[in-house]
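Here's data-v9.txt, which has compact mmCIF, C-alpha atoms and all ligand atoms:
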# COMPACT_ATOMS: atom_id res chain seq x y z
CA MET A 1 -18.48 13.58 -1.68
CA ILE A 2 -19.81 13.94 1.85
CA GLU A 3 -19.87 17.32 3.56
CA VAL A 4 -20.34 17.87 7.27
CA GLN A 5 -21.26 21.45 8.13
CA HIS A 6 -21.34 22.98 11.62
CA LEU A 7 -22.22 19.63 13.16
CA TYR A 8 -22.94 19.47 16.89
CA LYS A 9 -23.96 16.44 18.92
CA SER A 10 -24.80 16.38 22.58
CA PHE A 11 -26.25 13.69 24.85
CA ASP A 12 -28.40 14.88 27.77
CA GLY A 13 -26.90 18.34 27.55
CA ARG A 14 -23.32 17.02 27.38
CA ASP A 15 -21.52 18.22 24.24
CA VAL A 16 -19.64 15.46 22.46
CA LEU A 17 -19.10 17.11 19.05
CA MET A 18 -18.84 20.85 18.49
CA ASP A 19 -18.89 22.67 15.17
CA ILE A 20 -17.35 19.96 13.01
CA ASN A 21 -16.78 21.04 9.40
CA MET A 22 -15.23 18.70 6.87
CA VAL A 23 -15.38 17.63 3.24
CA PHE A 24 -14.81 13.92 2.57
CA ARG A 25 -13.90 13.53 -1.11
CA ASP A 26 -14.53 10.56 -3.37
CA GLY A 27 -11.85 8.28 -4.73
CA GLN A 28 -9.65 8.80 -1.69
CA THR A 29 -9.30 7.47 1.86
CA ASN A 30 -10.56 10.01 4.40
CA LEU A 31 -9.34 9.27 7.92
CA ILE A 32 -10.79 10.50 11.20
CA ILE A 33 -8.23 10.28 13.98
CA GLY A 34 -8.19 11.22 17.63
CA GLN A 35 -7.76 9.87 21.12
CA SER A 36 -10.16 7.32 22.54
CA GLY A 37 -13.35 9.13 23.55
CA SER A 38 -12.68 12.13 21.27
CA GLY A 39 -15.86 11.51 19.28
CA LYS A 40 -14.84 9.57 16.14
CA THR A 41 -17.54 6.92 16.39
CA VAL A 42 -20.19 9.47 17.35
CA LEU A 43 -19.24 11.53 14.27
CA MET A 44 -19.43 8.50 11.99
CA LYS A 45 -22.80 7.52 13.47
CA ASN A 46 -24.10 11.03 12.80
CA ILE A 47 -22.88 10.79 9.21
CA VAL A 48 -24.51 7.42 8.53
CA GLY A 49 -27.74 8.34 10.31
CA LEU A 50 -27.46 6.11 13.38
CA PHE A 51 -27.54 9.35 15.40
CA THR A 52 -29.30 12.60 14.54
CA PRO A 53 -27.09 15.67 14.86
CA THR A 54 -28.19 18.16 17.53
CA ARG A 55 -27.38 20.83 14.94
CA GLY A 56 -25.71 21.00 11.56
CA LYS A 57 -25.81 19.38 8.16
CA VAL A 58 -24.63 16.16 6.56
CA LEU A 59 -24.68 16.40 2.76
CA TYR A 60 -24.28 13.40 0.47
CA ASP A 61 -23.32 14.83 -2.91
CA GLY A 62 -25.41 17.85 -1.97
CA ARG A 63 -28.34 15.86 -0.57
CA ASP A 64 -29.19 16.85 3.00
CA PHE A 65 -29.33 13.57 4.90
CA VAL A 66 -30.72 15.07 8.11
CA THR A 67 -33.82 16.67 6.64
CA MET A 68 -34.58 14.40 3.67
CA ALA A 69 -37.78 12.35 3.53
CA LYS A 70 -37.69 8.87 5.07
CA LYS A 71 -38.10 7.17 1.70
CA GLU A 72 -35.16 9.04 0.26
CA ARG A 73 -33.10 8.13 3.33
CA VAL A 74 -33.85 4.45 2.85
CA MET A 75 -32.68 4.70 -0.76
CA LEU A 76 -29.52 6.55 0.25
CA ARG A 77 -28.71 3.92 2.89
CA ARG A 78 -28.47 1.38 0.07
CA GLU A 79 -25.59 3.37 -1.33
CA MET A 80 -23.64 2.93 1.92
CA GLY A 81 -21.41 0.08 3.00
CA MET A 82 -20.22 -0.29 6.58
CA ILE A 83 -17.52 -2.21 8.37
CA PHE A 84 -17.71 -2.20 12.13
CA GLN A 85 -15.02 -2.54 14.76
CA SER A 86 -15.80 -6.20 15.28
CA ALA A 87 -16.31 -7.81 11.87
CA ALA A 88 -19.95 -8.42 12.98
CA LEU A 89 -20.49 -11.46 10.79
CA PHE A 90 -23.43 -13.79 11.25
CA ASP A 91 -21.93 -16.81 13.02
CA SER A 92 -24.54 -19.27 11.80
CA MET A 93 -24.07 -18.39 8.14
CA THR A 94 -21.26 -19.44 5.82
CA VAL A 95 -18.84 -16.86 4.46
CA LEU A 96 -20.71 -16.84 1.13
CA GLU A 97 -24.09 -16.44 2.86
CA ASN A 98 -22.72 -13.54 4.88
CA VAL A 99 -21.66 -11.72 1.72
CA MET A 100 -24.95 -12.57 0.03
CA PHE A 101 -26.98 -11.19 2.93
CA PRO A 102 -27.25 -7.55 1.74
CA LEU A 103 -28.00 -8.78 -1.77
CA ASP A 104 -30.78 -11.03 -0.42
CA MET A 105 -32.17 -8.12 1.56
CA PHE A 106 -31.85 -5.19 -0.80
CA SER A 107 -31.31 -6.30 -4.39
CA ASP A 108 -33.76 -7.69 -6.90
CA MET A 109 -31.12 -9.97 -8.43
CA ASN A 110 -32.00 -13.63 -8.93
CA GLU A 111 -30.20 -16.23 -6.83
CA ALA A 112 -27.63 -17.18 -9.48
CA ASP A 113 -26.65 -13.52 -9.91
CA ARG A 114 -26.47 -12.99 -6.15
CA ILE A 115 -24.13 -15.96 -5.80
CA ARG A 116 -22.02 -14.71 -8.70
CA ARG A 117 -21.76 -11.23 -7.20
CA ALA A 118 -20.89 -12.57 -3.71
CA ARG A 119 -18.19 -14.83 -5.20
CA PHE A 120 -16.78 -11.89 -7.16
CA CYS A 121 -16.56 -9.77 -3.98
CA LEU A 122 -14.86 -12.60 -2.11
CA GLU A 123 -12.34 -12.96 -4.91
CA ARG A 124 -11.72 -9.22 -4.76
CA VAL A 125 -10.64 -9.57 -1.12
CA ASN A 126 -8.56 -12.68 -1.94
CA LEU A 127 -10.85 -15.16 -0.22
CA LYS A 128 -11.55 -17.49 -3.09
CA GLY A 129 -12.01 -20.97 -1.68
CA ALA A 130 -13.33 -19.84 1.71
CA GLU A 131 -16.97 -19.59 0.57
CA GLU A 132 -18.30 -22.56 2.51
CA LYS A 133 -16.36 -21.92 5.73
CA MET A 134 -18.10 -20.66 8.86
CA PRO A 135 -16.87 -17.36 10.42
CA GLY A 136 -15.61 -19.28 13.48
CA GLU A 137 -13.30 -21.32 11.27
CA ILE A 138 -11.35 -18.40 9.79
CA SER A 139 -8.84 -15.93 11.25
CA GLY A 140 -9.63 -12.39 12.44
CA GLY A 141 -8.00 -10.87 9.35
CA MET A 142 -10.03 -13.13 7.07
CA GLN A 143 -13.19 -12.19 8.98
CA LYS A 144 -12.41 -8.50 8.33
CA ARG A 145 -11.97 -9.29 4.65
CA VAL A 146 -15.36 -11.03 4.61
CA ALA A 147 -16.81 -7.90 6.24
CA ILE A 148 -15.24 -5.79 3.47
CA ALA A 149 -16.63 -8.13 0.79
CA ARG A 150 -20.07 -7.84 2.39
CA ALA A 151 -19.79 -4.06 2.62
CA ILE A 152 -19.01 -3.73 -1.10
CA ALA A 153 -21.55 -6.33 -2.28
CA LEU A 154 -24.11 -3.69 -3.21
CA ASN A 155 -21.48 -1.58 -4.95
CA PRO A 156 -21.76 1.31 -2.49
CA LYS A 157 -20.87 4.90 -3.30
CA TYR A 158 -19.96 5.55 0.32
CA LEU A 159 -17.91 3.23 2.55
CA PHE A 160 -17.56 3.62 6.32
CA CYS A 161 -15.05 1.74 8.42
CA ASP A 162 -14.89 2.16 12.19
CA GLU A 163 -11.49 0.92 13.39
CA PRO A 164 -11.11 -1.71 10.65
CA ASN A 165 -7.73 -2.83 12.04
CA SER A 166 -8.68 -3.33 15.65
CA GLY A 167 -7.45 -6.65 16.95
CA LEU A 168 -5.19 -7.29 13.94
CA ASP A 169 -1.40 -7.56 13.84
CA PRO A 170 0.51 -4.79 11.97
CA LYS A 171 1.10 -6.87 8.85
CA THR A 172 -2.51 -7.98 8.52
CA SER A 173 -3.57 -4.38 9.21
CA LEU A 174 -1.53 -3.31 6.18
CA VAL A 175 -3.32 -5.88 4.03
CA ILE A 176 -6.69 -4.52 5.18
CA ASP A 177 -5.57 -0.90 4.64
CA ASP A 178 -4.29 -1.67 1.15
CA LEU A 179 -7.51 -3.46 0.33
CA ILE A 180 -9.75 -0.61 1.50
CA SER A 181 -7.52 1.91 -0.25
CA SER A 182 -7.39 0.07 -3.58
CA ILE A 183 -11.14 -0.61 -3.58
CA THR A 184 -11.73 3.09 -2.86
CA HIS A 185 -9.56 4.18 -5.78
CA GLU A 186 -10.88 1.51 -8.12
CA TYR A 187 -14.56 2.33 -7.59
CA GLY A 188 -14.17 6.04 -6.80
CA MET A 189 -15.98 5.59 -3.48
CA THR A 190 -16.14 8.17 -0.70
CA THR A 191 -14.46 6.23 2.09
CA ILE A 192 -14.30 7.36 5.71
CA ILE A 193 -12.15 5.43 8.17
CA ASN A 194 -11.96 5.92 11.93
CA THR A 195 -8.61 4.86 13.23
CA HIS A 196 -5.95 5.34 15.84
CA ASP A 197 -3.50 3.13 13.97
CA MET A 198 -0.47 5.30 13.14
CA ASN A 199 0.59 2.94 10.37
CA SER A 200 -2.75 3.64 8.67
CA VAL A 201 -2.38 7.38 9.15
CA LEU A 202 1.06 7.45 7.53
CA GLY A 203 0.17 4.76 4.97
CA ILE A 204 -3.24 5.66 3.59
CA GLY A 205 -4.01 9.09 5.13
CA GLU A 206 -4.81 10.95 1.91
CA SER A 207 -7.08 13.22 3.93
CA ILE A 208 -6.97 13.32 7.72
CA LEU A 209 -9.35 14.97 10.17
CA TYR A 210 -8.00 15.17 13.70
CA ILE A 211 -10.59 15.56 16.46
CA CYS A 212 -9.70 16.44 20.03
CA ASP A 213 -12.36 16.55 22.76
CA GLY A 214 -15.13 16.88 20.17
CA HIS A 215 -13.50 19.78 18.30
CA LYS A 216 -11.90 19.74 14.88
CA GLU A 217 -8.29 20.49 15.69
CA TRP A 218 -6.48 19.92 12.39
CA GLU A 219 -6.98 18.71 8.83
CA GLY A 220 -4.40 17.75 6.24
CA SER A 221 -2.69 14.86 4.45
CA LYS A 222 -0.16 12.27 5.60
CA ASP A 223 2.59 14.38 4.05
CA GLU A 224 1.42 17.54 5.78
CA ILE A 225 1.24 15.74 9.12
CA MET A 226 5.02 15.34 9.08
CA THR A 227 5.50 19.10 9.18
CA ALA A 228 2.35 20.09 11.08
CA THR A 229 2.92 22.43 14.01
CA ASN A 230 -0.38 21.89 15.84
CA GLU A 231 0.67 21.05 19.39
CA LYS A 232 -2.23 18.77 20.26
CA LEU A 233 -1.87 16.86 17.00
CA ASN A 234 1.84 16.37 17.53
CA SER A 235 1.52 15.19 21.09
CA PHE A 236 -1.21 12.76 20.00
CA ILE A 237 0.37 11.35 16.88
CA PHE A 238 4.02 11.55 17.79
CA ALA A 239 3.56 10.35 21.35
CA SER A 240 6.03 7.50 20.95
CA ASP A 241 9.76 8.19 20.88
CA LEU A 242 10.13 6.28 17.64
CA LEU A 243 7.55 8.37 15.76
CA ARG A 244 8.97 11.52 17.34
CA LYS A 245 12.38 10.65 15.86
CA VAL A 246 10.84 9.99 12.42
CA LYS A 247 9.15 13.37 12.57
CA GLU A 248 12.24 15.19 13.82
CA GLU A 249 14.18 13.92 10.84
CA SER A 250 11.68 15.55 8.50
CA LEU A 251 11.65 18.85 10.43
CA PRO A 252 14.33 21.53 10.34
CA GLN A 253 14.01 22.02 14.13
CA PRO A 254 13.48 19.47 16.90
CA LEU A 255 10.05 19.09 18.48
CA PRO A 256 9.64 20.09 22.11
CA ARG A 257 9.50 17.18 24.54
CA ARG A 258 6.16 16.43 26.13
CA GLY A 259 5.35 19.02 28.78
CA GLU A 260 7.70 21.62 27.28
CA THR A 261 6.42 24.83 25.71
CA PRO A 262 7.17 24.84 21.99
CA ALA A 263 9.21 27.61 20.44
CA PRO A 264 6.90 30.36 19.15
CA GLU A 265 7.72 29.53 15.53
CA LEU A 266 6.48 25.95 16.07
CA ARG A 267 3.10 27.04 17.42
CA GLU A 268 0.25 26.86 14.99
CA GLU A 269 -1.64 30.05 14.31
CA PRO A 270 -5.27 29.70 15.44
CA THR A 271 -7.55 29.52 12.43
CA GLN A 272 -11.14 30.60 12.22
CA GLU A 273 -12.30 26.99 12.01
CA ASN A 274 -10.66 26.10 15.28
N1 LIG A 301 -25.10 6.86 23.03
C1 LIG A 301 -24.36 7.66 23.78
N2 LIG A 301 -24.90 8.33 24.83
C2 LIG A 301 -24.16 9.15 25.58
N3 LIG A 301 -22.85 9.37 25.38
C3 LIG A 301 -22.25 8.75 24.36
C4 LIG A 301 -22.96 7.85 23.51
N4 LIG A 301 -22.11 7.37 22.58
C5 LIG A 301 -20.91 7.93 22.85
N5 LIG A 301 -21.00 8.76 23.91
C6 LIG A 301 -19.88 9.55 24.48
O1 LIG A 301 -19.30 10.32 23.44
C7 LIG A 301 -17.90 10.44 23.64
C8 LIG A 301 -17.18 10.07 22.36
O2 LIG A 301 -17.31 8.68 22.15
P1 LIG A 301 -16.84 7.93 20.85
O3 LIG A 301 -17.31 6.53 20.94
O4 LIG A 301 -17.26 8.71 19.65
O5 LIG A 301 -15.26 8.01 20.99
P2 LIG A 301 -14.17 7.44 19.96
O6 LIG A 301 -13.35 8.61 19.53
O7 LIG A 301 -14.82 6.65 18.90
O8 LIG A 301 -13.28 6.54 20.92
P3 LIG A 301 -12.57 5.10 20.62
O9 LIG A 301 -11.25 5.46 19.94
O10 LIG A 301 -12.33 4.56 21.97
O11 LIG A 301 -13.46 4.28 19.78
C9 LIG A 301 -17.56 9.57 24.83
O12 LIG A 301 -17.40 10.38 25.95
C10 LIG A 301 -18.75 8.67 24.97
O13 LIG A 301 -18.96 8.33 26.32
MG MG A 302 -14.77 4.62 18.35
What would you get if you wrote out this structure as structure tokens?
Amino acid sequence: MIEVQHLYKSFDGRDVLMDINMVFRDGQTNLIIGQSGSGKTVLMKNIVGLFTPTRGKVLYDGRDFVTMAKKERVMLRREMGMIFQSAALFDSMTVLENVMFPLDMFSDMNEADRIRRARFCLERVNLKGAEEKMPGEISGGMQKRVAIARAIALNPKYLFCDEPNSGLDPKTSLVIDDLISSITHEYGMTTIINTHDMNSVLGIGESILYICDGHKEWEGSKDEIMTATNEKLNSFIFASDLLRKVKEESLPQPLPRRGETPAPELREEPTQEN
């Protein structure tokens, strides 16, 4: 479990994140959603330690990541796996070598065991047979799967994915979502995914944090999102007419059109967190 408490981040006096509070539970997919520029990547970078919060706490199963000793931080980093927006594979290494890389760097396994582990991870993402290929020879979706295999090579407790579906078609995106989701459930990992893919939100959004202009605006599940009354959330997520229709069918009353003031009963009560 990862907890973010009263987290603020500013750059040169410009506030990017303000008072973010969230619990990311293990064994489920935790999504962070929000418009481009809302602060998703900055939040994830604060959580994984690529940025230091201006204020606030990041707790990994109760361990304070911001104030812990450097040595402890290094150890904790080994429990994290990351998948970046671009698959970020090493072009001059084969698929197998890419997956072996974290094992070469951070494990004390012998070579035969490292190869065995890398092959196992590649099989887990259905890439058996692609071991000797170069990243340039495989498709974007396959590259993402290699990135997932590499991220899970060290058996991480915490998995971070920043826009794992960017650049992929909807069907391949589903394959990646299903893979991340099933690995998360299988290994009980705490998985955090940044996305603005609505298919992912409605497909694997077991827990969803919606950020708007650096503020936490809403939290809930994919089921709750269908009946949520938060105006900003609804205009973000149900921006397209198609999604608006889907939502309207699950609501007793129609949603206001963009630009219209919602009926008072559809307005969300301000909460203390907001
Ligand atoms: N290193 C930095 N220095 C200064 N400002 C930054 C830095 N990194 C990000 N920002 C600013 O923080 C804000 C949030 O950026 P962020 O990358 O977190 O958005 P995002 O929600 O991930 O957007 P996208 O969906 O496009 O990836 C932006 O205004 C961005 O310019
Ligand atoms: Mg981003």
Option closest in space to Val58 (chain A), from A:Ala149, A:Leu202, A:Ile2, A:Met82 [counting all atoms listed in the file]: A:Ile2
Would you list the residues that come within 9 Å of ligand LIG 301 (chain A)? Count all atoms listed in the file and give the answer as number ranges by chain. A: 9-12, 14-17, 32-45, 51, 85, 162-163, 194-196, 211-214
d(CA of Arg114 (chain A), CA of Ser92 (chain A)) in Å: 19.1 Å
Need the neighbours of (-17.6, 6.6, 0.1): which residues are at most 8 Å away, counting only C-alpha atoms, as a count of residues only? 17
Extract, using all atoms listed in the file, all DNA, RNA and protein residues at most 7 Å from Leu96 (chain A), discarding same-chain residues fewer than 4 positions from it, and format them as JSON, numbers by chain. {"A": [100, 118, 131, 132]}
Axis-aligned box over every listed atom of region 190-196 of chain A, padded by 5 Å per side: centre and edges in Å to one decimal, as JSON?
{"center_x": -11.0, "center_y": 6.5, "center_z": 7.6, "size_x": 20.2, "size_y": 13.3, "size_z": 26.5}
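Distances from A:Glu248, A:Asp64, A:Glu217, A:Glu206 to Lys232 (chain A) were compared using all atoms listed in the file, and the smallest one belongs to A:Glu217.
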Point out the residue among A:Ser86, A:Ile237, A:Gly220, A:Ser250 with the least atom-to-atom distance to ligand MG 302 (chain A), counting all atoms listed in the file.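 Closest to ligand MG 302 (chain A), using all atoms listed in the file: A:Ser86.
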Between CA of Asp19 (chain A) and CA of His6 (chain A), what is the distance, to one decimal in Å?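 Value for the CA of Asp19 (chain A)-CA of His6 (chain A) distance: 4.3 Å.
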For CA of Lys216 (chain A) and CA of Ile20 (chain A), determine how far apart the two atoms are, in Å to one decimal place.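 Distance between the two atoms: 5.8 Å.
You can rank A:Lys128, A:Phe84, A:Asp178, A:His185 by their closest distance to ligand MG 302 (chain A) using all atoms listed in the file, and at the top of that list sits A:Phe84.
With distances restricted to all atoms listed in the file, A:Cys161 is the closest residue to ligand MG 302 (chain A) from A:Val146, A:Leu168, A:Met134, A:Cys161.
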Counting only C-alpha atoms, which of A:Ala88, A:Met142, A:Arg116, A:Gly49 gets nearest to Val74 (chain A)?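 Nearest to Val74 (chain A): A:Gly49.
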Can you tell me, as a ChimeraX atom specification, what residues are no more than 10 Å from Val125 (chain A) when counting all atoms listed in the file, ignoring any on the same chain fewer than 6 positions away? /A:142,144-149,175-176,179-180,183
